[in-house]
Amino acid sequence: MIVAIDGPAGSGKSTVSKILAGRLGFTYVDTGAIYRAVTLKIIQSGLDLDDEQGICEAAEKVKIEFCENNGNRRVLLDGVDVTDEIRTPDVTNKICHVSDRAAVRQKLIQVQKDCANGVNAVVEGRDIGTVIFPDAEKKFFLSADIEERAKRRFAEVVKKDASIELAKIQEDIKRRDHKDSTREAAPLAMSDDAIFIDTTNLPIEEVVNTICKKLE
Ligand code: DC
């Protein structure tokens, strides 16, 4: 069984998907981490960000694995733990060079499918219900007001960078929302058969409970 969870940055989908997968005993697949890991690979290999052919080849060759270490989920890129590195602002700012390209997205479809091959999975991303798993048994689309999403992201980032400003985070999220939803290739979109959940005023546990009830 595949449970697809899509939504914009800060909608709560990562936290919800992780808890949900744990509760259901399903595999958790974070497709954003796949886009992030490929972007890191491009940066590390010094490839030109406009070299579509080179990015496609790198996306095809790269080996991305998810594993668990002392109860913590880790992301491995060609065997090296890059869990923290893929979350840096440099990677976040350059992801669009990977995620906006239809040819690169095409290469990553199978990588994403393989992560959920033969297992029950909660798969989280932007185009899971529309492109990657259009036949998923259940689909959810999470969103929240931009102010609330910015506050959530701020609470995470400020732990690592005390100088960060809420207004800057809100601007970044707005820019990413715009880029994600207006790109030609598989934009962030709600599938017609997805259930919409507005998480603005809902605690995480309540979102998870709502999803579990729908799954029952
Ligand atoms: O979920 P996240 O913030 O870690 O995702 C990082 C970026 O990857 C996001 O800006 C858009 C892109 N992405 C995508 O285009 N398609 C997906 N299925 C998942 C993420």
# chains A, B, ... in the order shown; residues from 1 in each chain; ligands from 1

call {"tool": "closest_atom_pairs", "arguments": {"of": "segment 51-152 of chain A", "to": "segment 187-190 of chain A", "cutoff": "10 Å", "atoms": "only C-alpha atoms", "output": "CSV"}}
result
residue,atom,partner,partner_atom,distance
A:Ser99,CA,A:Pro187,CA,9.4
A:Asp100,CA,A:Pro187,CA,8.6
A:Gly125,CA,A:Leu188,CA,8.6
A:Arg126,CA,A:Leu188,CA,4.8
A:Asp127,CA,A:Leu188,CA,5.8
A:Ile128,CA,A:Leu188,CA,9.2
A:Gly129,CA,A:Met190,CA,7.5
A:Thr130,CA,A:Met190,CA,7.3
A:Val131,CA,A:Pro187,CA,9.6
A:Lys139,CA,A:Met190,CA,9.1
A:Phe140,CA,A:Met190,CA,8.3
A:Phe141,CA,A:Met190,CA,6.1
A:Leu142,CA,A:Met190,CA,9.1

call {"tool": "residues_around", "arguments": {"residues": "Lys174 of chain A", "least_positions_apart": "5", "cutoff": "9 Å", "atoms": "only C-alpha atoms", "output": "number ranges by chain"}}
result
A: 146, 169, 179

call {"tool": "write_last_selection", "arguments": {"atoms": "C-alpha atoms", "output": "mmCIF file, in the first residue's frame"}}
result
data_model
loop_
_atom_site.group_PDB
_atom_site.id
_atom_site.type_symbol
_atom_site.label_atom_id
_atom_site.label_comp_id
_atom_site.auth_asym_id
_atom_site.auth_seq_id
_atom_site.Cartn_x
_atom_site.Cartn_y
_atom_site.Cartn_z
ATOM 1 C CA ILE A 146 2.427 31.095 4.692
ATOM 2 C CA ILE A 169 12.499 32.697 5.826
ATOM 3 C CA LYS A 179 9.018 27.980 -8.248
#

call {"tool": "select_by_dssp", "arguments": {"residues": "segment 112-163 of chain A", "states": "strand (DSSP E)", "output": "ChimeraX atom specification"}}
result
/A:121-125,138-143

call {"tool": "write_last_selection", "arguments": {"atoms": "C-alpha atoms", "output": "mmCIF file, in the first residue's frame"}}
result
data_model
loop_
_atom_site.group_PDB
_atom_site.id
_atom_site.type_symbol
_atom_site.label_atom_id
_atom_site.label_comp_id
_atom_site.auth_asym_id
_atom_site.auth_seq_id
_atom_site.Cartn_x
_atom_site.Cartn_y
_atom_site.Cartn_z
ATOM 1 C CA ALA A 121 5.193 3.013 2.265
ATOM 2 C CA VAL A 122 4.373 6.568 3.204
ATOM 3 C CA VAL A 123 5.885 8.606 0.360
ATOM 4 C CA GLU A 124 6.282 12.336 0.806
ATOM 5 C CA GLY A 125 6.981 15.019 -1.805
ATOM 6 C CA LYS A 138 -4.616 7.002 -0.411
ATOM 7 C CA LYS A 139 -3.437 10.544 -1.134
ATOM 8 C CA PHE A 140 -3.224 13.576 1.107
ATOM 9 C CA PHE A 141 -2.285 17.166 0.381
ATOM 10 C CA LEU A 142 -1.153 19.203 3.373
ATOM 11 C CA SER A 143 -0.854 22.962 3.469
#

call {"tool": "closest_residue", "arguments": {"among": "A:Gln170, A:Ser45, A:Thr31, A:Thr83", "to": "Gln112 of chain A", "atoms": "only C-alpha atoms"}}
result
A:Thr31

call {"tool": "select_by_dssp", "arguments": {"residues": "segment 22-207 of chain A", "states": "alpha helix (DSSP H)", "output": "ChimeraX atom specification"}}
result
/A:22-24,31-44,52-61,89-94,96-99,102-115,146-157,166-182,204-207

call {"tool": "residues_around", "arguments": {"residues": "Glu148 of chain A", "least_positions_apart": "6", "cutoff": "9 Å", "atoms": "only C-alpha atoms", "output": "PyMOL selection string"}}
result
chain A and resi 10-11+200-201

call {"tool": "closest_residue", "arguments": {"among": "A:Leu24, A:Val62, A:Val104, A:Leu166", "to": "ligand 1", "atoms": "only C-alpha atoms and all ligand atoms"}}
result
A:Val104

call {"tool": "residues_around", "arguments": {"residues": "Glu137 of chain A", "least_positions_apart": "6", "cutoff": "8 Å", "atoms": "only C-alpha atoms", "output": "PyMOL selection string"}}
result
chain A and resi 1-3

call {"tool": "closest_residue", "arguments": {"among": "A:Lys63, A:Arg152, A:Arg36, A:Arg183", "to": "ligand 1", "atoms": "only C-alpha atoms and all ligand atoms"}}
result
A:Arg36

call {"tool": "residues_around", "arguments": {"residues": "Val207 of chain A", "least_positions_apart": "6", "cutoff": "9 Å", "atoms": "only C-alpha atoms", "output": "PyMOL selection string"}}
result
chain A and resi 12+16+197-199

call {"tool": "write_last_selection", "arguments": {"atoms": "all heavy atoms", "output": "JSON list (two decimals), in the first residue's frame"}}
result
[["chain", "number", "residue", "atom", "x", "y", "z"],
["A", 12, "GLY", "N", 4.19, 20.72, 7.20],
["A", 12, "GLY", "CA", 4.19, 19.71, 8.27],
["A", 12, "GLY", "C", 4.27, 18.31, 7.70],
["A", 12, "GLY", "O", 4.24, 17.33, 8.44],
["A", 16, "VAL", "N", 4.75, 14.77, 9.86],
["A", 16, "VAL", "CA", 3.55, 13.92, 9.84],
["A", 16, "VAL", "C", 3.87, 12.57, 9.18],
["A", 16, "VAL", "O", 3.50, 11.51, 9.70],
["A", 16, "VAL", "CB", 2.41, 14.64, 9.08],
["A", 16, "VAL", "CG1", 1.29, 13.68, 8.72],
["A", 16, "VAL", "CG2", 1.88, 15.80, 9.91],
["A", 197, "ILE", "N", -5.75, 18.73, 3.73],
["A", 197, "ILE", "CA", -5.76, 19.02, 5.17],
["A", 197, "ILE", "C", -5.03, 20.34, 5.41],
["A", 197, "ILE", "O", -3.85, 20.47, 5.07],
["A", 197, "ILE", "CB", -5.09, 17.89, 6.00],
["A", 197, "ILE", "CG1", -5.79, 16.55, 5.73],
["A", 197, "ILE", "CG2", -5.14, 18.22, 7.49],
["A", 197, "ILE", "CD1", -5.16, 15.36, 6.46],
["A", 198, "ASP", "N", -5.74, 21.29, 5.98],
["A", 198, "ASP", "CA", -5.13, 22.57, 6.34],
["A", 198, "ASP", "C", -4.55, 22.41, 7.74],
["A", 198, "ASP", "O", -5.29, 22.22, 8.72],
["A", 198, "ASP", "CB", -6.21, 23.67, 6.32],
["A", 198, "ASP", "CG", -5.62, 25.03, 6.65],
["A", 198, "ASP", "OD1", -4.47, 25.09, 7.14],
["A", 198, "ASP", "OD2", -6.32, 26.04, 6.43],
["A", 199, "THR", "N", -3.23, 22.48, 7.85],
["A", 199, "THR", "CA", -2.57, 22.19, 9.14],
["A", 199, "THR", "C", -2.27, 23.47, 9.95],
["A", 199, "THR", "O", -1.62, 23.38, 10.98],
["A", 199, "THR", "CB", -1.25, 21.42, 8.92],
["A", 199, "THR", "OG1", -0.30, 22.30, 8.28],
["A", 199, "THR", "CG2", -1.43, 20.19, 8.06]]

call {"tool": "closest_residue", "arguments": {"among": "A:Arg105, A:Leu215, A:Ala155, A:Leu77", "to": "Glu65 of chain A", "atoms": "only C-alpha atoms"}}
result
A:Leu77

call {"tool": "decode", "arguments": {"residues": "segment 179-197 of chain A", "atoms": "N, CA, C and O atoms", "output": "PDB file, in the first residue's frame"}}
result
ATOM      1  N   LYS A 179       8.220  28.810  -7.328  1.00  0.00           N
ATOM      2  CA  LYS A 179       9.018  27.980  -8.248  1.00  0.00           C
ATOM      3  C   LYS A 179       8.430  26.574  -8.353  1.00  0.00           C
ATOM      4  O   LYS A 179       8.267  26.033  -9.439  1.00  0.00           O
ATOM      5  N   ASP A 180       8.104  25.988  -7.188  1.00  0.00           N
ATOM      6  CA  ASP A 180       7.585  24.606  -7.176  1.00  0.00           C
ATOM      7  C   ASP A 180       6.253  24.495  -7.913  1.00  0.00           C
ATOM      8  O   ASP A 180       5.988  23.506  -8.581  1.00  0.00           O
ATOM      9  N   SER A 181       5.393  25.512  -7.765  1.00  0.00           N
ATOM     10  CA  SER A 181       4.062  25.350  -8.357  1.00  0.00           C
ATOM     11  C   SER A 181       3.943  25.882  -9.784  1.00  0.00           C
ATOM     12  O   SER A 181       2.948  25.610 -10.446  1.00  0.00           O
ATOM     13  N   THR A 182       4.960  26.626 -10.248  1.00  0.00           N
ATOM     14  CA  THR A 182       4.844  27.145 -11.618  1.00  0.00           C
ATOM     15  C   THR A 182       5.778  26.449 -12.610  1.00  0.00           C
ATOM     16  O   THR A 182       5.710  26.734 -13.794  1.00  0.00           O
ATOM     17  N   ARG A 183       6.650  25.555 -12.095  1.00  0.00           N
ATOM     18  CA  ARG A 183       7.546  24.890 -13.060  1.00  0.00           C
ATOM     19  C   ARG A 183       6.699  24.014 -13.994  1.00  0.00           C
ATOM     20  O   ARG A 183       5.633  23.517 -13.608  1.00  0.00           O
ATOM     21  N   GLU A 184       7.230  23.821 -15.205  1.00  0.00           N
ATOM     22  CA  GLU A 184       6.478  23.059 -16.201  1.00  0.00           C
ATOM     23  C   GLU A 184       6.440  21.574 -15.858  1.00  0.00           C
ATOM     24  O   GLU A 184       5.425  20.911 -16.020  1.00  0.00           O
ATOM     25  N   ALA A 185       7.585  21.074 -15.377  1.00  0.00           N
ATOM     26  CA  ALA A 185       7.692  19.640 -15.126  1.00  0.00           C
ATOM     27  C   ALA A 185       7.151  19.289 -13.750  1.00  0.00           C
ATOM     28  O   ALA A 185       7.684  19.741 -12.740  1.00  0.00           O
ATOM     29  N   ALA A 186       6.108  18.471 -13.730  1.00  0.00           N
ATOM     30  CA  ALA A 186       5.546  17.953 -12.479  1.00  0.00           C
ATOM     31  C   ALA A 186       5.499  18.995 -11.369  1.00  0.00           C
ATOM     32  O   ALA A 186       6.163  18.850 -10.345  1.00  0.00           O
ATOM     33  N   PRO A 187       4.732  20.057 -11.540  1.00  0.00           N
ATOM     34  CA  PRO A 187       4.684  21.080 -10.491  1.00  0.00           C
ATOM     35  C   PRO A 187       3.998  20.568  -9.217  1.00  0.00           C
ATOM     36  O   PRO A 187       3.301  19.551  -9.270  1.00  0.00           O
ATOM     37  N   LEU A 188       4.225  21.293  -8.143  1.00  0.00           N
ATOM     38  CA  LEU A 188       3.521  20.987  -6.899  1.00  0.00           C
ATOM     39  C   LEU A 188       2.034  21.179  -7.170  1.00  0.00           C
ATOM     40  O   LEU A 188       1.596  22.276  -7.535  1.00  0.00           O
ATOM     41  N   ALA A 189       1.274  20.098  -7.043  1.00  0.00           N
ATOM     42  CA  ALA A 189      -0.161  20.205  -7.340  1.00  0.00           C
ATOM     43  C   ALA A 189      -0.908  19.148  -6.557  1.00  0.00           C
ATOM     44  O   ALA A 189      -0.365  18.089  -6.239  1.00  0.00           O
ATOM     45  N   MET A 190      -2.167  19.468  -6.261  1.00  0.00           N
ATOM     46  CA  MET A 190      -2.978  18.494  -5.533  1.00  0.00           C
ATOM     47  C   MET A 190      -3.679  17.591  -6.550  1.00  0.00           C
ATOM     48  O   MET A 190      -4.297  18.075  -7.494  1.00  0.00           O
ATOM     49  N   SER A 191      -3.552  16.290  -6.342  1.00  0.00           N
ATOM     50  CA  SER A 191      -4.233  15.335  -7.217  1.00  0.00           C
ATOM     51  C   SER A 191      -5.744  15.455  -6.956  1.00  0.00           C
ATOM     52  O   SER A 191      -6.164  15.727  -5.826  1.00  0.00           O
ATOM     53  N   ASP A 192      -6.551  15.243  -8.008  1.00  0.00           N
ATOM     54  CA  ASP A 192      -8.013  15.375  -7.861  1.00  0.00           C
ATOM     55  C   ASP A 192      -8.570  14.463  -6.776  1.00  0.00           C
ATOM     56  O   ASP A 192      -9.577  14.783  -6.146  1.00  0.00           O
ATOM     57  N   ASP A 193      -7.932  13.305  -6.595  1.00  0.00           N
ATOM     58  CA  ASP A 193      -8.470  12.350  -5.612  1.00  0.00           C
ATOM     59  C   ASP A 193      -7.751  12.427  -4.260  1.00  0.00           C
ATOM     60  O   ASP A 193      -7.850  11.506  -3.446  1.00  0.00           O
ATOM     61  N   ALA A 194      -7.024  13.523  -4.018  1.00  0.00           N
ATOM     62  CA  ALA A 194      -6.334  13.662  -2.720  1.00  0.00           C
ATOM     63  C   ALA A 194      -7.257  14.330  -1.698  1.00  0.00           C
ATOM     64  O   ALA A 194      -8.160  15.082  -2.064  1.00  0.00           O
ATOM     65  N   ILE A 195      -6.978  14.054  -0.433  1.00  0.00           N
ATOM     66  CA  ILE A 195      -7.731  14.695   0.653  1.00  0.00           C
ATOM     67  C   ILE A 195      -6.905  15.877   1.136  1.00  0.00           C
ATOM     68  O   ILE A 195      -5.717  15.722   1.465  1.00  0.00           O
ATOM     69  N   PHE A 196      -7.508  17.059   1.172  1.00  0.00           N
ATOM     70  CA  PHE A 196      -6.789  18.270   1.578  1.00  0.00           C
ATOM     71  C   PHE A 196      -6.882  18.446   3.097  1.00  0.00           C
ATOM     72  O   PHE A 196      -7.961  18.321   3.677  1.00  0.00           O
ATOM     73  N   ILE A 197      -5.745  18.726   3.726  1.00  0.00           N
ATOM     74  CA  ILE A 197      -5.761  19.020   5.171  1.00  0.00           C
ATOM     75  C   ILE A 197      -5.033  20.337   5.406  1.00  0.00           C
ATOM     76  O   ILE A 197      -3.851  20.469   5.068  1.00  0.00           O
TER      77      ILE A 197
END
